[in-house]
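Student: Input structure: start.tsv, which contains TSV, C-alpha atoms.
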```tsv
chain	number	residue	atom	x	y	z
A	1	MET	CA	0.00	0.00	0.00
A	2	ARG	CA	2.90	2.37	0.68
A	3	LYS	CA	4.01	2.16	-2.94
A	4	GLN	CA	0.47	2.83	-4.14
A	5	VAL	CA	0.17	5.87	-1.87
A	6	ALA	CA	3.57	7.15	-3.00
A	7	ALA	CA	2.51	6.76	-6.64
A	8	ALA	CA	-0.73	8.66	-5.98
A	9	VAL	CA	1.16	11.47	-4.24
A	10	ALA	CA	3.57	11.63	-7.19
A	11	LEU	CA	0.60	11.78	-9.57
A	12	PHE	CA	-0.85	14.68	-7.61
A	13	GLY	CA	2.54	16.37	-7.69
A	14	LEU	CA	2.62	16.11	-11.48
A	15	SER	CA	-0.90	17.53	-11.69
A	16	LEU	CA	0.29	20.67	-9.90
A	17	ILE	CA	2.08	21.65	-13.11
A	18	PHE	CA	-1.33	22.33	-14.66
A	19	ILE	CA	-3.12	23.99	-11.75
A	20	TRP	CA	-0.41	25.87	-9.87
A	21	ARG	CA	-0.48	29.10	-11.86
A	22	GLY	CA	-4.18	29.80	-11.99
A	23	ALA	CA	-5.02	33.46	-11.54
A	24	PRO	CA	-5.84	34.40	-7.91
A	25	ASP	CA	-9.54	35.02	-7.37
A	26	GLY	CA	-11.46	37.18	-4.96
A	27	ASP	CA	-11.45	34.61	-2.16
A	28	VAL	CA	-7.65	34.49	-2.08
A	29	VAL	CA	-7.47	38.29	-2.00
A	30	GLU	CA	-9.85	38.25	0.96
A	31	PHE	CA	-7.89	35.51	2.75
A	32	GLY	CA	-4.73	37.55	2.26
A	33	ARG	CA	-6.40	40.58	3.78
A	34	TYR	CA	-7.35	38.50	6.83
A	35	GLY	CA	-3.83	37.14	7.22
A	36	HIS	CA	-2.10	40.51	6.96
A	37	ALA	CA	-4.62	42.04	9.36
A	38	VAL	CA	-3.73	39.42	11.99
A	39	LEU	CA	-0.01	40.08	11.50
A	40	ASP	CA	-0.73	43.78	11.96
A	41	GLY	CA	-2.13	43.01	15.41
A	42	LEU	CA	-5.84	43.21	14.63
A	43	LEU	CA	-8.21	40.83	16.42
A	44	PRO	CA	-10.54	38.78	14.19
A	45	TYR	CA	-14.26	39.34	14.71
A	46	ARG	CA	-13.60	42.50	16.75
A	47	ASP	CA	-11.37	44.56	14.46
A	48	PHE	CA	-12.40	43.00	11.15
A	49	HIS	CA	-15.24	40.81	9.99
A	50	LEU	CA	-14.44	37.10	9.59
A	51	GLU	CA	-17.03	34.60	8.38
A	52	TYR	CA	-15.08	31.44	9.30
A	53	PRO	CA	-14.48	29.71	12.66
A	54	PRO	CA	-11.35	30.66	14.63
A	55	GLY	CA	-9.50	27.49	13.67
A	56	ALA	CA	-9.16	28.84	10.14
A	57	ILE	CA	-7.17	31.89	11.31
A	58	PRO	CA	-3.73	30.17	11.22
A	59	LEU	CA	-4.43	28.93	7.69
A	60	PHE	CA	-5.00	32.53	6.55
A	61	THR	CA	-2.15	33.98	8.58
A	62	LEU	CA	0.85	31.71	7.95
A	63	PRO	CA	0.99	32.41	4.17
A	64	ALA	CA	1.10	36.15	4.95
A	65	LEU	CA	4.63	35.62	6.26
A	66	GLY	CA	5.80	35.17	2.66
A	67	GLU	CA	4.52	35.63	-0.89
A	68	TYR	CA	0.89	35.05	-0.04
A	69	VAL	CA	-0.55	33.22	-3.05
A	70	THR	CA	2.45	30.90	-3.43
A	71	TRP	CA	2.51	29.97	0.23
A	72	PHE	CA	-1.25	29.53	0.38
A	73	ARG	CA	-1.14	27.18	-2.61
A	74	LEU	CA	1.66	25.20	-0.98
A	75	GLU	CA	-0.27	24.97	2.28
A	76	ASN	CA	-3.33	23.60	0.51
A	77	ALA	CA	-1.29	21.21	-1.65
A	78	LEU	CA	0.15	19.75	1.56
A	79	ALA	CA	-3.39	19.29	2.85
A	80	TRP	CA	-4.34	17.27	-0.22
A	81	ILE	CA	-1.22	15.11	0.16
A	82	ALA	CA	-2.43	14.39	3.70
A	83	VAL	CA	-5.84	13.46	2.25
A	84	ILE	CA	-4.22	10.97	-0.17
A	85	VAL	CA	-2.11	9.41	2.59
A	86	LEU	CA	-5.15	9.05	4.87
A	87	VAL	CA	-7.23	7.49	2.11
A	88	GLY	CA	-4.41	4.97	1.63
A	89	ALA	CA	-4.37	4.21	5.37
A	90	LEU	CA	-8.15	3.74	5.40
A	91	LEU	CA	-8.04	1.45	2.36
A	92	ASP	CA	-5.29	-0.54	4.06
A	93	THR	CA	-7.53	-0.88	7.11
A	94	LEU	CA	-10.70	-1.77	5.18
A	95	ARG	CA	-9.52	-3.91	2.24
A	96	PRO	CA	-5.73	-3.98	1.85
A	97	ARG	CA	-5.58	-6.32	-1.16
A	98	ASP	CA	-8.38	-4.90	-3.30
A	99	ARG	CA	-7.25	-4.48	-6.91
A	100	LEU	CA	-9.25	-1.26	-7.17
A	101	ASN	CA	-7.16	0.51	-4.53
A	102	PRO	CA	-4.64	2.05	-6.97
A	103	VAL	CA	-7.50	3.37	-9.11
A	104	LEU	CA	-9.27	4.86	-6.10
A	105	LEU	CA	-6.09	6.54	-4.88
A	106	ALA	CA	-5.33	7.92	-8.34
A	107	THR	CA	-8.86	9.30	-8.64
A	108	VAL	CA	-8.56	11.12	-5.31
A	109	ALA	CA	-5.13	12.44	-6.35
A	110	LEU	CA	-6.52	13.88	-9.58
A	111	VAL	CA	-9.69	15.50	-8.21
A	112	PRO	CA	-8.00	18.93	-7.78
A	113	LEU	CA	-6.83	18.77	-11.41
A	114	LEU	CA	-10.31	17.78	-12.56
A	115	LEU	CA	-11.96	20.63	-10.65
A	116	GLY	CA	-9.41	23.28	-11.60
A	117	PRO	CA	-6.81	25.71	-10.23
A	118	PHE	CA	-9.16	27.23	-7.66
A	119	THR	CA	-8.73	24.07	-5.52
A	120	LEU	CA	-5.27	25.24	-4.44
A	121	MET	CA	-6.78	28.56	-3.37
A	122	ARG	CA	-9.23	27.04	-0.88
A	123	PHE	CA	-8.37	25.56	2.50
A	124	ASP	CA	-11.04	22.83	2.41
A	125	GLY	CA	-8.40	20.10	2.22
A	126	TRP	CA	-7.56	20.68	5.89
A	127	PRO	CA	-10.96	19.94	7.48
A	128	THR	CA	-11.29	17.05	5.02
A	129	ALA	CA	-7.95	15.58	6.16
A	130	LEU	CA	-8.86	16.07	9.82
A	131	SER	CA	-12.21	14.31	9.30
A	132	LEU	CA	-10.49	11.40	7.56
A	133	GLY	CA	-8.00	11.25	10.42
A	134	ALA	CA	-10.86	11.12	12.90
A	135	LEU	CA	-12.48	8.28	10.96
A	136	LEU	CA	-9.19	6.36	10.84
A	137	CYS	CA	-8.71	6.75	14.59
A	138	LEU	CA	-12.19	5.35	15.25
A	139	LEU	CA	-11.50	2.33	13.06
A	140	ARG	CA	-8.19	1.72	14.83
A	141	GLY	CA	-9.63	1.93	18.31
A	142	ARG	CA	-8.52	5.45	19.28
A	143	PRO	CA	-11.83	7.27	19.69
A	144	THR	CA	-10.54	10.02	22.00
A	145	ILE	CA	-7.95	11.17	19.47
A	146	GLY	CA	-10.54	10.72	16.72
A	147	LEU	CA	-13.13	13.02	18.26
A	148	ALA	CA	-10.46	15.56	19.17
A	149	LEU	CA	-9.41	15.63	15.50
A	150	LEU	CA	-13.05	15.98	14.45
A	151	ALA	CA	-13.39	18.98	16.76
A	152	VAL	CA	-10.26	20.56	15.29
A	153	GLY	CA	-11.76	20.08	11.83
A	154	ALA	CA	-14.99	21.70	13.00
A	155	VAL	CA	-13.24	24.83	14.28
A	156	VAL	CA	-11.53	25.16	10.89
A	157	LYS	CA	-14.77	24.76	8.95
A	158	ALA	CA	-17.99	23.73	10.65
A	159	TRP	CA	-19.11	20.84	8.40
A	160	PRO	CA	-17.18	17.99	10.16
A	161	LEU	CA	-19.64	18.35	13.06
A	162	ALA	CA	-22.18	16.65	10.78
A	163	LEU	CA	-20.23	13.42	11.42
A	164	LEU	CA	-20.52	13.65	15.21
A	165	PRO	CA	-23.96	11.94	15.56
A	166	LEU	CA	-22.75	9.07	13.39
A	167	PHE	CA	-19.54	8.67	15.39
A	168	VAL	CA	-21.54	8.65	18.63
A	169	ALA	CA	-23.82	5.97	17.15
A	170	TYR	CA	-20.72	3.91	16.30
A	171	GLY	CA	-19.95	3.86	20.01
A	172	VAL	CA	-17.43	6.13	21.69
A	173	PRO	CA	-16.58	6.45	25.40
A	174	LYS	CA	-17.45	9.52	27.44
A	175	ARG	CA	-13.82	10.62	27.52
A	176	ALA	CA	-13.89	10.96	23.72
A	177	LEU	CA	-16.92	13.26	23.90
A	178	VAL	CA	-15.21	15.24	26.66
A	179	ALA	CA	-12.12	15.62	24.45
A	180	CYS	CA	-14.28	16.86	21.58
A	181	ALA	CA	-16.06	19.38	23.80
A	182	ALA	CA	-12.76	20.51	25.34
A	183	VAL	CA	-11.21	21.29	21.95
A	184	LEU	CA	-14.27	23.27	20.90
A	185	LEU	CA	-14.29	25.17	24.19
A	186	VAL	CA	-10.57	25.97	24.18
A	187	VAL	CA	-10.70	27.37	20.64
A	188	LEU	CA	-14.05	29.15	20.68
A	189	ALA	CA	-14.26	30.49	24.24
A	190	PRO	CA	-11.49	33.13	24.04
A	191	PHE	CA	-13.09	34.79	21.03
A	192	ALA	CA	-16.53	34.61	22.62
A	193	VAL	CA	-15.13	36.39	25.69
A	194	LEU	CA	-12.99	38.99	23.92
A	195	THR	CA	-15.49	39.90	21.23
A	196	PRO	CA	-18.88	38.26	21.91
A	197	GLY	CA	-20.90	40.26	19.38
A	198	GLY	CA	-18.29	40.08	16.63
A	199	ALA	CA	-17.66	36.37	17.14
A	200	TYR	CA	-21.38	35.63	16.99
A	201	ASN	CA	-21.87	37.69	13.85
A	202	GLY	CA	-18.82	36.17	12.20
A	203	LEU	CA	-19.77	32.59	12.99
A	204	MET	CA	-23.39	33.11	11.93
A	205	ALA	CA	-22.49	34.67	8.55
A	206	GLN	CA	-22.58	31.31	6.80
A	207	PRO	CA	-25.74	29.89	8.47
A	208	ASN	CA	-27.56	33.16	7.78
A	209	ARG	CA	-26.79	33.15	4.07
A	210	HIS	CA	-29.59	32.96	1.51
A	211	LEU	CA	-30.07	30.46	-1.31
A	212	GLU	CA	-26.76	30.32	-3.19
A	213	TYR	CA	-26.90	30.22	-6.99
A	214	GLU	CA	-25.25	26.82	-7.47
A	215	THR	CA	-27.57	24.90	-5.15
A	216	ILE	CA	-30.13	22.26	-6.07
A	217	GLY	CA	-33.01	24.65	-5.38
A	218	ALA	CA	-31.54	27.53	-7.35
A	219	SER	CA	-30.76	25.20	-10.25
A	220	ALA	CA	-34.38	24.07	-10.32
A	221	LEU	CA	-35.60	27.68	-10.38
A	222	PHE	CA	-33.26	28.50	-13.27
A	223	ALA	CA	-34.21	25.38	-15.25
A	224	LEU	CA	-37.93	26.09	-14.82
A	225	GLY	CA	-37.46	29.68	-15.96
A	226	ARG	CA	-38.84	31.16	-12.75
A	227	PRO	CA	-38.31	34.93	-12.31
A	228	VAL	CA	-35.39	35.48	-9.95
A	229	ARG	CA	-32.91	38.18	-9.03
A	230	LEU	CA	-29.23	37.42	-8.35
A	231	TYR	CA	-27.17	39.55	-6.01
A	232	PHE	CA	-23.63	39.29	-4.61
A	233	GLU	CA	-23.40	38.17	-0.98
A	234	THR	CA	-20.56	36.75	1.14
A	235	GLY	CA	-18.24	36.01	-1.76
A	236	SER	CA	-20.83	34.47	-4.09
A	237	PHE	CA	-24.19	35.09	-5.74
A	238	SER	CA	-27.47	34.48	-3.95
A	239	VAL	CA	-30.97	34.14	-5.36
A	240	ALA	CA	-34.03	36.21	-4.51
A	241	GLY	CA	-37.61	35.80	-5.75
A	242	SER	CA	-39.85	32.83	-6.64
A	243	GLY	CA	-39.77	31.50	-3.09
A	244	ALA	CA	-35.97	31.29	-2.88
A	245	ASN	CA	-35.91	31.95	0.87
A	246	THR	CA	-38.50	29.25	1.49
A	247	ILE	CA	-36.53	26.80	-0.63
A	248	ALA	CA	-33.38	27.67	1.34
A	249	ALA	CA	-35.13	26.95	4.63
A	250	LEU	CA	-36.58	23.66	3.33
A	251	GLN	CA	-33.18	22.56	2.05
A	252	SER	CA	-31.61	23.26	5.43
A	253	LEU	CA	-34.31	21.22	7.17
A	254	LEU	CA	-33.92	18.41	4.64
A	255	GLN	CA	-30.15	18.44	5.18
A	256	LEU	CA	-30.53	18.04	8.95
A	257	ALA	CA	-33.19	15.35	8.55
A	258	MET	CA	-31.05	13.33	6.13
A	259	ILE	CA	-28.04	13.45	8.47
A	260	LEU	CA	-30.23	11.90	11.16
A	261	ILE	CA	-31.69	9.37	8.70
A	262	VAL	CA	-28.16	8.20	7.83
A	263	VAL	CA	-27.59	7.59	11.55
A	264	VAL	CA	-30.81	5.55	11.74
A	265	ILE	CA	-29.75	3.54	8.69
A	266	PHE	CA	-26.34	2.91	10.26
A	267	LEU	CA	-27.93	1.72	13.51
A	268	ARG	CA	-29.77	-0.97	11.52
A	269	THR	CA	-26.51	-2.42	10.21
A	270	ARG	CA	-23.97	-4.49	12.10
A	271	ARG	CA	-21.93	-1.27	12.54
A	272	GLY	CA	-18.67	-2.61	11.20
A	273	PRO	CA	-15.83	-0.57	9.70
A	274	GLN	CA	-17.14	-0.59	6.12
A	275	GLN	CA	-20.63	0.32	7.30
A	276	LEU	CA	-19.20	3.27	9.23
A	277	VAL	CA	-17.17	4.50	6.25
A	278	THR	CA	-20.14	4.23	3.89
A	279	ALA	CA	-22.42	6.05	6.33
A	280	ALA	CA	-19.77	8.73	6.80
A	281	ALA	CA	-19.55	9.20	3.04
A	282	ALA	CA	-23.34	9.56	2.82
A	283	THR	CA	-23.29	12.09	5.66
A	284	VAL	CA	-20.60	14.22	4.02
A	285	ALA	CA	-22.47	14.11	0.71
A	286	VAL	CA	-25.68	15.26	2.40
A	287	ALA	CA	-23.78	18.07	4.16
A	288	ALA	CA	-22.20	19.20	0.89
A	289	VAL	CA	-25.05	18.79	-1.59
A	290	LEU	CA	-28.37	19.37	0.16
A	291	GLY	CA	-27.74	22.66	1.96
A	292	LYS	CA	-28.62	26.20	0.91
A	293	VAL	CA	-25.00	26.83	-0.11
A	294	LEU	CA	-23.14	24.64	-2.62
A	295	SER	CA	-19.76	26.07	-3.52
A	296	PRO	CA	-17.47	24.15	-5.90
A	297	GLN	CA	-14.89	23.53	-3.18
A	298	PHE	CA	-17.47	21.46	-1.31
A	299	LEU	CA	-16.67	18.69	-3.77
A	300	LEU	CA	-13.24	18.46	-2.13
A	301	TRP	CA	-14.98	17.31	1.06
A	302	MET	CA	-16.76	14.55	-0.79
A	303	ALA	CA	-13.98	13.16	-2.99
A	304	PRO	CA	-12.07	10.91	-0.53
A	305	PHE	CA	-15.20	9.68	1.23
A	306	VAL	CA	-16.92	8.74	-2.03
A	307	ALA	CA	-13.81	6.88	-3.19
A	308	LEU	CA	-13.76	4.87	0.04
A	309	ALA	CA	-17.45	4.01	-0.04
A	310	ASP	CA	-18.90	3.07	-3.44
A	311	VAL	CA	-17.66	2.73	-7.03
A	312	THR	CA	-20.98	3.70	-8.64
A	313	ALA	CA	-21.12	6.86	-6.57
A	314	LEU	CA	-17.52	7.63	-7.52
A	315	VAL	CA	-18.29	7.41	-11.25
A	316	LEU	CA	-21.20	9.84	-10.84
A	317	PHE	CA	-19.05	12.11	-8.70
A	318	VAL	CA	-16.28	12.29	-11.31
A	319	GLY	CA	-18.91	13.38	-13.83
A	320	ALA	CA	-20.07	16.09	-11.43
A	321	CYS	CA	-16.47	17.30	-11.04
A	322	ALA	CA	-16.08	17.53	-14.82
A	323	CYS	CA	-19.30	19.57	-15.08
A	324	THR	CA	-18.10	21.85	-12.29
A	325	ARG	CA	-14.90	22.49	-14.22
A	326	GLY	CA	-17.01	23.33	-17.27
A	327	LEU	CA	-19.11	25.78	-15.27
A	328	PHE	CA	-16.11	27.75	-14.10
A	329	LEU	CA	-13.60	27.56	-16.93
A	330	GLY	CA	-13.92	31.32	-17.12
A	331	SER	CA	-15.28	33.68	-14.50
A	332	PHE	CA	-17.38	32.61	-11.53
A	333	ARG	CA	-19.66	35.44	-12.64
A	334	ALA	CA	-20.49	33.71	-15.93
A	335	LEU	CA	-23.20	31.52	-14.44
A	336	ALA	CA	-24.87	34.60	-12.95
A	337	GLU	CA	-25.75	35.70	-16.49
A	338	LEU	CA	-28.02	32.64	-16.69
A	339	HIS	CA	-27.20	31.65	-20.25
A	340	ARG	CA	-29.23	28.64	-21.29
A	341	GLY	CA	-26.19	26.41	-21.77
A	342	MET	CA	-24.79	27.27	-18.34
A	343	VAL	CA	-28.16	26.66	-16.69
A	344	ALA	CA	-28.38	23.25	-18.39
A	345	LEU	CA	-24.82	22.34	-17.36
A	346	LEU	CA	-25.54	23.34	-13.77
A	347	ALA	CA	-28.68	21.19	-13.81
A	348	VAL	CA	-26.68	18.19	-15.08
A	349	ARG	CA	-23.98	18.77	-12.44
A	350	ASN	CA	-26.53	18.93	-9.65
A	351	LEU	CA	-28.35	15.84	-10.91
A	352	LEU	CA	-25.03	13.98	-10.84
A	353	LEU	CA	-24.41	15.17	-7.28
A	354	LEU	CA	-27.89	14.05	-6.27
A	355	GLY	CA	-27.17	10.73	-7.96
A	356	THR	CA	-23.91	10.45	-6.02
A	357	THR	CA	-25.71	11.14	-2.75
A	358	GLY	CA	-28.46	8.66	-3.62
A	359	ALA	CA	-25.91	5.96	-4.51
A	360	LEU	CA	-24.17	6.47	-1.16
A	361	LEU	CA	-27.47	6.30	0.74
A	362	ARG	CA	-28.34	3.11	-1.13
A	363	ALA	CA	-24.93	1.62	-0.35
A	364	ALA	CA	-25.34	2.53	3.34
A	365	TRP	CA	-28.76	0.87	3.38
A	366	ARG	CA	-27.57	-2.29	1.62
A	367	ARG	CA	-24.65	-2.68	3.99
```
Could you express the structure from this file as structure tokens?
Tutor:
Amino acid sequence: MRKQVAAAVALFGLSLIFIWRGAPDGDVVEFGRYGHAVLDGLLPYRDFHLEYPPGAIPLFTLPALGEYVTWFRLENALAWIAVIVLVGALLDTLRPRDRLNPVLLATVALVPLLLGPFTLMRFDGWPTALSLGALLCLLRGRPTIGLALLAVGAVVKAWPLALLPLFVAYGVPKRALVACAAVLLVVLAPFAVLTPGGAYNGLMAQPNRHLEYETIGASALFALGRPVRLYFETGSFSVAGSGANTIAALQSLLQLAMILIVVVIFLRTRRGPQQLVTAAAATVAVAAVLGKVLSPQFLLWMAPFVALADVTALVLFVGACACTRGLFLGSFRALAELHRGMVALLAVRNLLLLGTTGALLRAAWRR
């Protein structure tokens, strides 16, 4: 397995030739502003608005010590190498002699290339790696370390918390839950004390967002030709009109309900390692696909989990990645013009993501 992992890492390294020099986008400029503000002695949430949890602050700040874009790319490339290594470790734990393992590792290695250069300008590889590390620790009988890693992932970007109910259902001791709570408290409490209003507003920026223009609901409104208005909000476009706010609320409720349904499905299985991995993949897919925000970097969360769980889902997911690359070959603003071809491509992409999620739910049920 070590040779297969090394080959996958080398493959990812070669792919960097094609995605390293993509033009910096608005998100990277904003991240750089955050990092330089911290180095200037400003306090996040109090002195400047930050819409991410406190655990993300070091990821913004460290690249500001050098040439920002280059260092930020390097930081995120290292995160994806960690993802590849952890996928290899999980495959070695689940099915060490499976002939598909090299293909699965290569697919994970090439996902950033398939999605495009923007993947090196997002820090989503870090919470993904931490969540995979937590899953690996659970499978190897180290639940306390596992839940501590999950908490670290959650204070970088909140979505790993979606896995907590499933991990509890798998069976973890009280000390593991205490470790998880302790990490959350240690990271979040200082900011809540120093700047309670700013921390609350910063952390609630994402939950309070409206229906984002790449989501399932927005795609349906576009495809049906419903009258809508697009406006720029929190780094992306949101949708107003034709019941968009109601759709956003319903999607959020559906997302929460499906996370709990995956737990119920898991409890009906024999709760072995493969069942846990498949249920985790379904949970991550639900968290990424069914919410009121669906940014392209969310596919980075899904990639390793889908590869570990189900081949059919992986084929559909690769198709969704290719469509995502097609949507954003040019400007992220292009879709906002609602050209018929772009609307159709978005609909196909979202159908493939729904198919991926459905395939993972089916696999979780069958196992």
Student: Using Å and a single decimal, report how far CA of Gly355 in chain A sits from CA of Ala336 in chain A.
Tutor: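 Separation between CA of Ala336 in chain A and CA of Gly355 in chain A: 24.5 Å.
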Student: With all atoms listed in the file as the counted atoms, please give the residues lying no more than 8 Å from Leu290 in chain A, apart from itself and same-chain residues fewer than 4 positions off, as a PyMOL selection string.
Tutor: chain A and resi 215-216+251-252+254-255+285-286+294
Student: Nearest to Ser219 in chain A among A:Ala244, A:Leu166, A:Ala148, A:Val9, with distances taken over only C-alpha atoms: which residue is it?
Tutor: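 Distance minimum relative to Ser219 in chain A lands on A:Ala244.
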Student: Which value, in Å to one decimal, gives the distance between CA of Ala218 in chain A and CA of Leu353 in chain A?
Tutor: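 It comes out at 14.3 Å.
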Student: Excluding range 23-39 of chain A and any residue of its chain fewer than 3 positions from it, enumerate the residues within 9 Å of it, using only C-alpha atoms, and give them as an NGL selection string.
Tutor: :A and (42-44 or 47-50 or 57-65 or 68-69 or 72 or 117-118 or 121-122 or 235)
Student: Of the residues A:Tyr52, A:Phe167, A:Trp71, A:Trp159, which is the one nearest to Phe266 in chain A, using all atoms listed in the file?
Tutor: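 So, comparing all the options, the nearest one is A:Phe167.
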Student: What's the separation between CA of Thr357 in chain A and CA of Ala313 in chain A, in Å to one decimal place?
Tutor: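 Separation between CA of Thr357 in chain A and CA of Ala313 in chain A: 7.3 Å.
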Student: Could you give me, as a ChimeraX atom specification, the residues within 9 Å of range 174-180 of chain A, counting all atoms listed in the file and dropping anything in the same chain fewer than 2 positions from it?
Tutor: /A:142-152,168,172,182-185
Student: Quick one: of A:Ala248, A:Ala82, A:Val293, A:Leu114, who's nearest to Ala320 in chain A, counting only C-alpha atoms?
Tutor: A:Leu114
Student: Using all atoms listed in the file for the distances, tell me which of A:Val239, A:Ala106, A:Leu94, A:Leu211 is nearest to Ala10 in chain A.
Tutor: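 Going through A:Val239, A:Ala106, A:Leu94, A:Leu211 one by one, the smallest distance to Ala10 in chain A is for A:Ala106.
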Student: List the spatial neighbours of Thr278 in chain A as a ChimeraX atom specification - criterion: any atom at most 12 Å away, all atoms listed in the file, same-chain residues fewer than 4 positions off excluded.
Tutor: /A:94,135,163,166,262-263,265-266,269,271-274,282-285,302,304-311,313,357,359-367
